[in-house]
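Enquirer: Got a structure here, written out as structure tokens. Questions coming.
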Amino acid sequence: MLWLCLHFPRLPVEALGFGDPLDVVTDQRGASRWLITAAPGAGIGTPLGAALSLQPGLRAHARSHKAEQAALQQLAHWIYRYGSPVHAEMRDLAEVGRVPQALLWVEIAASLRLFGSYRAMRERLRGDLAELQQHAQLAVAPTRAASALFACLQDGIAIREPAQLQDRLAAWPTAALPWPRAQLDALQGVGLRRIGDLLAVPRAAFARRFGAARLRELDQLCGRAAEPGVAIVPSTGFRRRFDLAAEIEQVEALLFPLRRLAFELQAWLRARDVGLRAVRLLCLHAQQRRSSFVLRFGDAHRDGSRIFDALRERLLRAPLGAAVRALELRAEDIAETEVPQTDLFEAADAGGDWTRAIERVAARLGESALWTPAIHDEYRPERAWRRADANLPLDVPHRPRPLWLLRKPLPLPTPDLPDTPPERIESGWWDDADQRRDYHDIEWQHARAWVYRERDSERWFLHGLWA
Amino acid sequence: MNPGYAELHAVSAFSFRRGASMPQELVEAATALGYRALALTDECSMAGAVRGYERIRDYRECAQAHAELLVGCEWNLDDGLRCVALCEDQAGYSAVCRTITQARRATDKGAYRLTRADFDAPLPGTSLLWIPRGVNELDELAWLRERYGGRLWIAVELHRDGRDAGRLAGLQELSRRFALPLVASGDVHMHCAARRALQDVMVALRHHRPVERCGTRLFPNGERHLRTLADLQSLYPHALLAESLRVAERCAFRIEQVRYRYPKEVVGAGHTPTSWLRHLVVQRLPRRWPHGCPPAIRATIEKELALIAEKEHEPFFLTVYDIVEYARSRNILCQGRGSAANSVVCYVLGITEVDPERNQLLFERFMSRERDEEPDIDVDFEHERREEVIQYVFDKYGRDRAAIAATVIGYRTRSALRDVGRALDIGEEVVDRVAKSLAWWDDPDELGERLRAVGVDPQLPRIRRWLALAGTLIDGGFPRHLSQHVGGFVISDGPLHELVPVENAAMPDRTIIQWDKDDLETLGLLKVDVLALGMLSALRRMLEQLHAFGDDAVSYESIRDHGCDEDPDTRATYEMICRADTVGVFQIESRAQMSMLPRLRPKSMYDLTVQVAIVRPGPIQGGMVHPYLKQRHKPPETIEYPLGPGDPIRSVLGRTSGVPIFQEQVMQIAMVAAGFTASRADALRRAMAAWKRNGHVDRFREELTAGMKSRGYSDEFAARIFRQIEGFGSYGFPESHAASFALLAYKSAWLKRHRPAAFVCGLINAQPMGFYPVSMLVREAQRSGVDVRAVDVRYSRWDCHLERDAQGQAAIRLGLRLIRGFNAEAAQRLEAMRSAGPFATIDDLARRAALSARELDVLASADALQALAGHRFQARWQTRGHAHLGGVLAGADLPDEAVALAAPSEGEDVLADYQSTHLSLRRHPTALLRPRLDRHRVLPNERLRGTADGSHVRVGGIVMFRQRPGSAKGTMFITLEDDTGIVNLIVRPPLIEAQREAVVGGSFLLARGRLQKQGSDEDGWIIHVIAEEFADRSHWIARLPYLSRDFH
């Protein structure tokens, strides 16, 4: 075996999509926060407070495990072209001040021949990495553990002969081992400074003090023990093609294959225990032309008839421009955990009817055309309601407010006022739109109007009309 | 016609996270608006009442009309019922205090819980306002009317929320139905409308969410302020406003009517307090003067006793005496200070230690007849044993008669920025950054610059709002919460909760009253301060070590100043002090004190008293230090005073060479030079003590300047005196404090000079305390020739102790307490088992002393197992091997292959020493770096003394201290230690900015700079290096723990 290991020291920041050197990512345990990516003047592991006092311009972001995993997965799929099997690990020691290691391994003994030489392969890899704008340190060694150790230490170490491995490992400090700090300190405390010192200690005596697991890790490092692990298999996602027997122009005639695809997708989703948030339908026409659209769902689900309904509504609203030869359905957006756990047999819940009705309307009118007014917990009338997702329940305001509220209040001459005290609203100083107004109801052009006087300028405005 | 108005429902900032104005602001605004009265009705609290009254007192002193301040509180019962209780008389006040106490003690600190059951028996002497909430109205009113009929009102609170008309009509209907009167009130939360934003912030803090997400949790408008009478008239029917005056009239109780009675049990049977005090004094006289009391002293005692009798303060002195006697009986060192320390009676009773024969001047200034001043005694106890004294007080008087005073924790820069930042949703990161960089808030010119430096744009409206609101909290002295005073006890004859509400403190089984020490002083409630002082613990431990060593000649009492001329030991002690050889000595060990010692050259207790008092932020900011240095050697008759030799100021300042050093001198100047009456001077003193509290020293400026001018002093002189008054505000020492501290300074200096081993041993055992880390104390001992021996399981105890060296001299054996991660219980087991027989092996040690794997490893890391296991690596290897044998296998021997481990290098050992004990008895880490330092042409610190003033030098070492005192205008002081000694660096702000990384964060620094040197070989040297450039070499000692103590 010959493992190429890639270590991505900037993955946490790259995964969040930041490119500026002053953007750093921090990890947190209890009240401690520390840098896990470096910035000019502040190295990894630096406590955030110290880093900020050194480099006040830093912008610190909390790390996202999810984004890191996703980024590493993507890289795993990319590295396949260099060999297999592929392993990936976000190695996290979960200790204050320690930095996670984003590691990717690919076995290259077999594929080296395809590239001709390691050098050629490395050049290709570097080229790819530059294109991906991904910063990585590379190392090659006969064991996964050793290649990772080297990749984290410095870029470019390559040891291809198993016989050399132990000697080359011996000189490195024990502090480089990915072990808990307490154990590294203990090694330091008994003067075992280099990996070679460790290898020289009698095995039983070592195991007694540092545990059998550590001994096994040492063995794995040197290639004396197997390195089990689950290799990554590229996932294809859901993508089903349905070739039509003939070119079809009528939407109605497409419904059958559509239904079938929708329920295949349902089975696929259930098998994987995931939910669907968006689906793409691709239509293949004559002369290799294709058209497609994406449908989004209000919540993640795995309901075949719901997928089918949505597809049908969409096609009925905007029929196809040309005859179709084949259909392809793809799951565009998969949600891992958001599917509500209904009963065992996935019977549709009662509340789903409203959601589905809305989906149907939305599919007909387009997504942005449908919204519901919602109460926003605010005193300033302009901000006391807002457009909300049509799926949200309706709310009732606590104070009488006209339903017809002018988008922009109209200046008014001083009106005749009834002899009742005004409603005074003074609020909003925090966002540069402080209002100090006295609101009154008056008769205005045969309607009841809602007017106010600005307390600072003493000017009058019409703000709304009562129904 | 204007009917007038009394606001009956107002909460202040003492209703935490509700009110947005201070009580005094409410009083001022109510007065300015022409209100007849204002009821301060904080929610289940009396904590703000006294501050409101202080403002009233000011009005009275200046004979100005003012709004009356009514006493009451608001309650929200657990079922929602809301009411305001107003005190009509003393009985009503007691009932309200009792109810607050009950409600507060029924639940956690900071909260309260009141049920209808608690409220079932109507409170006597109170008028009650029912505050309608729009729900459950009939039930609430019926329930209350049954209990408070005839003194119950329906509060009508109109706030222009658009529903006023309906609300008024509804309440009028209820009023008819229940035959209860309506009264106007305001539910006031702030004194003026401009506090609306701050009030919203308070609401946001209460709900733990940003303002913009508080929505309708906020009030819809800013109407809950004190409104003008005209405004109120436009809202309320005339009769409702008039009714407020009728209620106010009923509520005649004022907070200053609180009457306090001393406890009685401190008086012996058959005696009056007067005769008992005299009896005790006479009985104890021979202890102080075995050969007969000098007639002059006797006369002073008679004068004092007469004065005490006239003021009826005997029980106070007897109470303190009782506590001190208890401490003595338990061998707890204690010593009193405070204005009563100026009293011979206290000296005779053993409360204080300042000898009247040596401090004549002090004793003439015991409580004056004219000033209506309460005696003030603070007693310091050993910090480790103060709890015993506190428990004694609780046991003796019972928990309902003794409680600890509160400390109002006010908003400081950091907490204000943090809280307001939370409310405005400013990221925690930004808050942290700004709060840290604004440790020097007081310079507003620098503010913008400083913000930009940390990446915050001060022009952004959001940032401006944030700073402005935080500034209001800080400048207004807003309270954040109540905490426990360090040791101020209030003890009363009757139950305390009838005097002042009592609530839970954060510590279990602790209760605090709702007033702080200034409140107590304002109302004349007596407080006994039971304080903790680390140096007393250290002194006891030093003496214990000496006695255990067999040196019985020295006792706490025997160490005293016998005069330099008569006693060579005394002289030697002062000589050491003059050399600034004072590491570890009480009060005079800081960098600032040390740099002053060779200049002031104290040679007597009085010099030492001045030394203690003068190196304080007050005198330094007031610019007193240089004039004093200049004038102190002049003959008294040559010192010039503004009005010449006959200047009355001379009588005040004569003893301090014409410069005010002590706090009370400032008051005396106000009296003799500006014609202040005794009570006005006392008001000035209060303002000085409390200027943070209300910033009212300013009001005295004109009065003082005018008074001095009319007596012939120049404006400039008056301005200088005033500046000194400001400087003294919170930092000046009264002379009696300084004198008491000087005594302790002398005792510790004497021990340092004559018993250096015991001195350092006791200091280490009393850690944490003082200024210096243990490593520097140890080096100090070594420097004075004491053998210091490493931690060793064969000999070490938990504490450090004295052993005899080859010459029979005392040597220090370091204790197990220095080992990080070890614990006293394990040490106890270890000591007990060792006395049964020495340990043979590590297994033997582990088994007999029942040490855990961790404890063993910690001992090995400290190199304390050398005798049993060889060098540190071997020891740790062995303990680690042992560690995995527990449970049923304990005791069994498992075969273990022998492993030959290389011995640690010297560097590794030094490093491991520091990691385990923060010190090393091997070479200093810098000694190992000396070749590298030489290459960089870095001078060893000991060579600085022989280098010419003004030379350019390079120095280096481990950073031991960083200090940035407020009085130094941003300058930072850094102390570097190398193997030969220390060097003090002065770092100016531009350099701090330029090399922030090194200056703020470095742990090993090289510095280039100019040497500044004053002194002589006999007197010692004051050496500084003005830093010009730094090189951060922290990585040279990267694995050394961070040792610097940083003070900001």
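Labeling convention for the structure tokens: chains A, B, ... as they appear, residues from 1 per chain, ligands from 1 in order of appearance.
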Running DSSP on the backbone, which parts of region 150-325 of chain A land in helix (DSSP H, G or I), as JSON, numbers by chain?

Expert: {"A": [150, 151, 152, 153, 162, 163, 164, 165, 166, 167, 168, 169, 170, 174, 175, 176, 181, 182, 183, 184, 185, 186, 187, 188, 189, 195, 196, 197, 198, 199, 200, 203, 204, 205, 206, 207, 208, 209, 210, 212, 213, 214, 215, 216, 217, 218, 219, 220, 221, 222, 251, 252, 253, 254, 255, 256, 257, 258, 259, 260, 261, 262, 263, 264, 265, 266, 267, 268, 269, 270, 271, 272, 286, 287, 288, 304, 305, 306, 307, 308, 309, 310, 311, 312, 313, 314, 315, 316, 317]}

Enquirer: Got a sec to pull out which chain B residues are within 6 Å of chain A, counting only C-alpha atoms, and send them as an mmCIF file with C-alpha atoms, in the first residue's frame?

Expert:
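Contents of part_15.cif, freshly written:
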```cif
data_model
loop_
_atom_site.group_PDB
_atom_site.id
_atom_site.type_symbol
_atom_site.label_atom_id
_atom_site.label_comp_id
_atom_site.auth_asym_id
_atom_site.auth_seq_id
_atom_site.Cartn_x
_atom_site.Cartn_y
_atom_site.Cartn_z
ATOM 1 C CA ARG B 160 -51.523 57.896 26.059
ATOM 2 C CA ASP B 161 -51.511 54.395 24.689
ATOM 3 C CA GLY B 162 -54.749 55.071 22.871
ATOM 4 C CA GLY B 215 -41.294 44.284 20.348
ATOM 5 C CA THR B 216 -44.269 44.958 22.569
ATOM 6 C CA PRO B 220 -45.158 51.893 23.562
ATOM 7 C CA ASN B 221 -43.918 55.376 24.372
ATOM 8 C CA VAL B 454 -9.583 48.024 17.534
ATOM 9 C CA GLY B 455 -11.480 48.135 14.294
ATOM 10 C CA PHE B 873 11.817 11.012 34.296
ATOM 11 C CA ARG B 876 7.232 9.764 36.457
ATOM 12 C CA TRP B 877 7.809 6.517 34.580
ATOM 13 C CA ARG B 880 2.706 6.079 35.704
ATOM 14 C CA GLY B 881 3.337 2.373 35.820
ATOM 15 C CA GLU B 997 2.114 42.402 20.580
#
```

Enquirer: Identify, on the basis of only C-alpha atoms, every residue whose closest approach to region 87-89 of chain A does not exceed 6 Å; exclude the query and any residue fewer than 3 positions from it along the same chain; express the result as a PyMOL selection string.

Expert: chain A and resi 103-105+231-232

Enquirer: Print the selection's residues with N, CA and C atoms to a file, as a short mmCIF file (atom, residue, chain, number, x, y, z; two decimals), in the first residue's frame.

Expert:
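Done, and the output landed in again-v5.cif:
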```cif
data_model
loop_
_atom_site.label_atom_id
_atom_site.label_comp_id
_atom_site.auth_asym_id
_atom_site.auth_seq_id
_atom_site.Cartn_x
_atom_site.Cartn_y
_atom_site.Cartn_z
N LEU A 103 -8.22 15.65 6.86
CA LEU A 103 -7.32 14.71 6.19
C LEU A 103 -8.05 13.92 5.12
N LEU A 104 -7.33 13.69 4.05
CA LEU A 104 -7.88 12.91 2.94
C LEU A 104 -6.78 11.96 2.47
N TRP A 105 -7.14 10.67 2.36
CA TRP A 105 -6.14 9.72 1.90
C TRP A 105 -6.62 9.08 0.59
N ALA A 231 -13.91 3.02 3.76
CA ALA A 231 -13.58 3.85 2.61
C ALA A 231 -14.84 4.55 2.12
N ILE A 232 -14.63 5.67 1.47
CA ILE A 232 -15.76 6.44 0.98
C ILE A 232 -16.15 5.94 -0.41
#
```

Enquirer: Extract, using only C-alpha atoms, all DNA, RNA and protein residues at most 9 Å from Leu939 (chain B), discarding same-chain residues fewer than 6 positions from it, and format them as number ranges by chain.

Expert: B: 933, 953-956

Enquirer: Record the distance separating CA of Leu830 (chain B) and CA of Arg813 (chain B), expressed in Å with one decimal.

Expert: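 Between CA of Leu830 (chain B) and CA of Arg813 (chain B) the gap works out to 15.9 Å.
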
Enquirer: Quick one: distance from CA of Arg18 (chain B) to CA of Glu43 (chain B) in Å, one decimal?

Expert: 9.1 Å

Enquirer: Could you tell me how far CA of Ala155 (chain B) lies from CA of Arg224 (chain B), in Å and to one decimal?

Expert: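 Taking CA of Ala155 (chain B) and CA of Arg224 (chain B), their separation equals 14.4 Å.
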
Enquirer: Write out as a list in words which residues come within 8 Å of Leu184 (chain A) when counting only C-alpha atoms, dropping same-chain ones fewer than 4 positions away.

Expert: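 The residues that qualify are Thr174, Ala175, Leu177, Trp179, Pro180 and Gln188 of chain A.
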
Enquirer: Report as a PyMOL selection string: the residues of region 469-575 of chain B with a DSSP assignment of strand (DSSP E or B), based on the backbone of this structure.

Expert: chain B and resi 479-491+502-504+511-516+527-533

Enquirer: Can you write out the residues you just picked, keeping C-alpha atoms, as a PDB file, in the first residue's frame?

Expert:
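Listed below is the output, part28.pdb:
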```pdb
ATOM      1  CA  PRO B 479     -26.476  50.236  40.178  1.00  0.00           C
ATOM      2  CA  ARG B 480     -26.372  46.823  38.569  1.00  0.00           C
ATOM      3  CA  HIS B 481     -27.111  44.595  41.509  1.00  0.00           C
ATOM      4  CA  LEU B 482     -26.635  44.268  45.234  1.00  0.00           C
ATOM      5  CA  SER B 483     -23.810  42.256  46.591  1.00  0.00           C
ATOM      6  CA  GLN B 484     -22.362  41.526  49.965  1.00  0.00           C
ATOM      7  CA  HIS B 485     -20.108  44.066  51.657  1.00  0.00           C
ATOM      8  CA  VAL B 486     -16.738  42.644  52.548  1.00  0.00           C
ATOM      9  CA  GLY B 487     -17.553  42.584  56.221  1.00  0.00           C
ATOM     10  CA  GLY B 488     -19.696  45.457  57.424  1.00  0.00           C
ATOM     11  CA  PHE B 489     -22.054  44.153  60.079  1.00  0.00           C
ATOM     12  CA  VAL B 490     -25.157  45.882  61.263  1.00  0.00           C
ATOM     13  CA  ILE B 491     -26.262  44.720  64.679  1.00  0.00           C
ATOM     14  CA  VAL B 502     -33.003  41.873  54.582  1.00  0.00           C
ATOM     15  CA  GLU B 503     -32.408  39.663  51.566  1.00  0.00           C
ATOM     16  CA  ASN B 504     -30.440  36.618  50.552  1.00  0.00           C
ATOM     17  CA  THR B 511     -28.181  37.567  54.458  1.00  0.00           C
ATOM     18  CA  ILE B 512     -27.578  41.161  53.576  1.00  0.00           C
ATOM     19  CA  ILE B 513     -29.541  44.276  54.298  1.00  0.00           C
ATOM     20  CA  GLN B 514     -30.649  46.390  51.376  1.00  0.00           C
ATOM     21  CA  TRP B 515     -28.455  49.343  52.295  1.00  0.00           C
ATOM     22  CA  ASP B 516     -24.784  49.884  51.739  1.00  0.00           C
ATOM     23  CA  LYS B 527     -21.781  49.312  61.431  1.00  0.00           C
ATOM     24  CA  VAL B 528     -18.896  47.204  62.645  1.00  0.00           C
ATOM     25  CA  ASP B 529     -16.454  46.288  59.935  1.00  0.00           C
ATOM     26  CA  VAL B 530     -15.105  42.784  60.277  1.00  0.00           C
ATOM     27  CA  LEU B 531     -12.508  42.796  57.540  1.00  0.00           C
ATOM     28  CA  ALA B 532      -9.973  40.325  56.312  1.00  0.00           C
ATOM     29  CA  LEU B 533      -6.315  41.175  56.020  1.00  0.00           C
TER      30      LEU B 533
END
```

Enquirer: Within 10 Å of Glu328 (chain A), counting only C-alpha atoms, which residues qualify if same-chain residues fewer than 3 places away don't, as a PyMOL selection string?

Expert: chain A and resi 239-243+258+261+280-284+292

Enquirer: Measuring between only C-alpha atoms, which one of B:Ile463, B:Ala6, B:Leu597, B:Ala902 shows the shortest distance to Arg193 (chain A)?

Expert: B:Ala902

Enquirer: So, counting only C-alpha atoms, which residue among B:Ala193, B:Leu928, B:Val27, B:Ile958 is closest to Gly907 (chain B)?

Expert: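 Result for the nearest residue to Gly907 (chain B): B:Leu928.
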
Enquirer: Which residues are close to region 280-290 of chain B, i.e. within 12 Å by only C-alpha atoms, leaving aside same-chain residues fewer than 6 positions away? Reply as number ranges by chain.

Expert: B: 266-268, 271, 273-274, 297-298, 301-302, 304-305, 314, 317-318, 321-322, 325, 344-357, 557

Enquirer: Mind dumping the selected residues with C-alpha atoms as a PDB file, in the first residue's frame?

Expert:
```pdb
ATOM      1  CA  VAL B 266     -22.666  43.839  75.761  1.00  0.00           C
ATOM      2  CA  VAL B 267     -23.169  45.516  79.142  1.00  0.00           C
ATOM      3  CA  GLY B 268     -22.191  43.657  82.306  1.00  0.00           C
ATOM      4  CA  HIS B 271     -23.957  48.223  85.047  1.00  0.00           C
ATOM      5  CA  PRO B 273     -23.233  51.171  79.440  1.00  0.00           C
ATOM      6  CA  THR B 274     -21.318  54.177  80.781  1.00  0.00           C
ATOM      7  CA  ILE B 297      -3.033  60.111  78.949  1.00  0.00           C
ATOM      8  CA  ARG B 298      -5.332  59.668  81.927  1.00  0.00           C
ATOM      9  CA  ILE B 301      -9.160  59.106  78.618  1.00  0.00           C
ATOM     10  CA  GLU B 302     -11.469  61.099  80.875  1.00  0.00           C
ATOM     11  CA  GLU B 304     -12.974  60.716  75.687  1.00  0.00           C
ATOM     12  CA  LEU B 305     -15.210  58.872  78.123  1.00  0.00           C
ATOM     13  CA  GLU B 314     -20.774  53.246  74.679  1.00  0.00           C
ATOM     14  CA  PHE B 317     -17.338  50.539  71.671  1.00  0.00           C
ATOM     15  CA  LEU B 318     -18.476  47.649  73.828  1.00  0.00           C
ATOM     16  CA  TYR B 321     -14.542  45.249  72.190  1.00  0.00           C
ATOM     17  CA  ASP B 322     -16.583  42.081  72.551  1.00  0.00           C
ATOM     18  CA  GLU B 325     -11.950  39.880  72.769  1.00  0.00           C
ATOM     19  CA  VAL B 344      -6.947  56.149  73.725  1.00  0.00           C
ATOM     20  CA  VAL B 345      -9.981  54.235  74.948  1.00  0.00           C
ATOM     21  CA  CYS B 346      -9.699  51.960  71.919  1.00  0.00           C
ATOM     22  CA  TYR B 347      -6.009  51.539  72.553  1.00  0.00           C
ATOM     23  CA  VAL B 348      -6.614  50.609  76.143  1.00  0.00           C
ATOM     24  CA  LEU B 349      -9.348  48.164  75.200  1.00  0.00           C
ATOM     25  CA  GLY B 350      -6.972  46.475  72.767  1.00  0.00           C
ATOM     26  CA  ILE B 351      -9.069  47.392  69.747  1.00  0.00           C
ATOM     27  CA  THR B 352      -6.230  49.382  68.199  1.00  0.00           C
ATOM     28  CA  GLU B 353      -2.477  49.224  68.535  1.00  0.00           C
ATOM     29  CA  VAL B 354      -1.310  52.748  67.771  1.00  0.00           C
ATOM     30  CA  ASP B 355       0.573  53.869  70.857  1.00  0.00           C
ATOM     31  CA  PRO B 356      -0.708  57.297  71.999  1.00  0.00           C
ATOM     32  CA  GLU B 357       2.616  58.266  73.490  1.00  0.00           C
ATOM     33  CA  GLU B 557       3.532  42.463  70.708  1.00  0.00           C
TER      34      GLU B 557
END
```
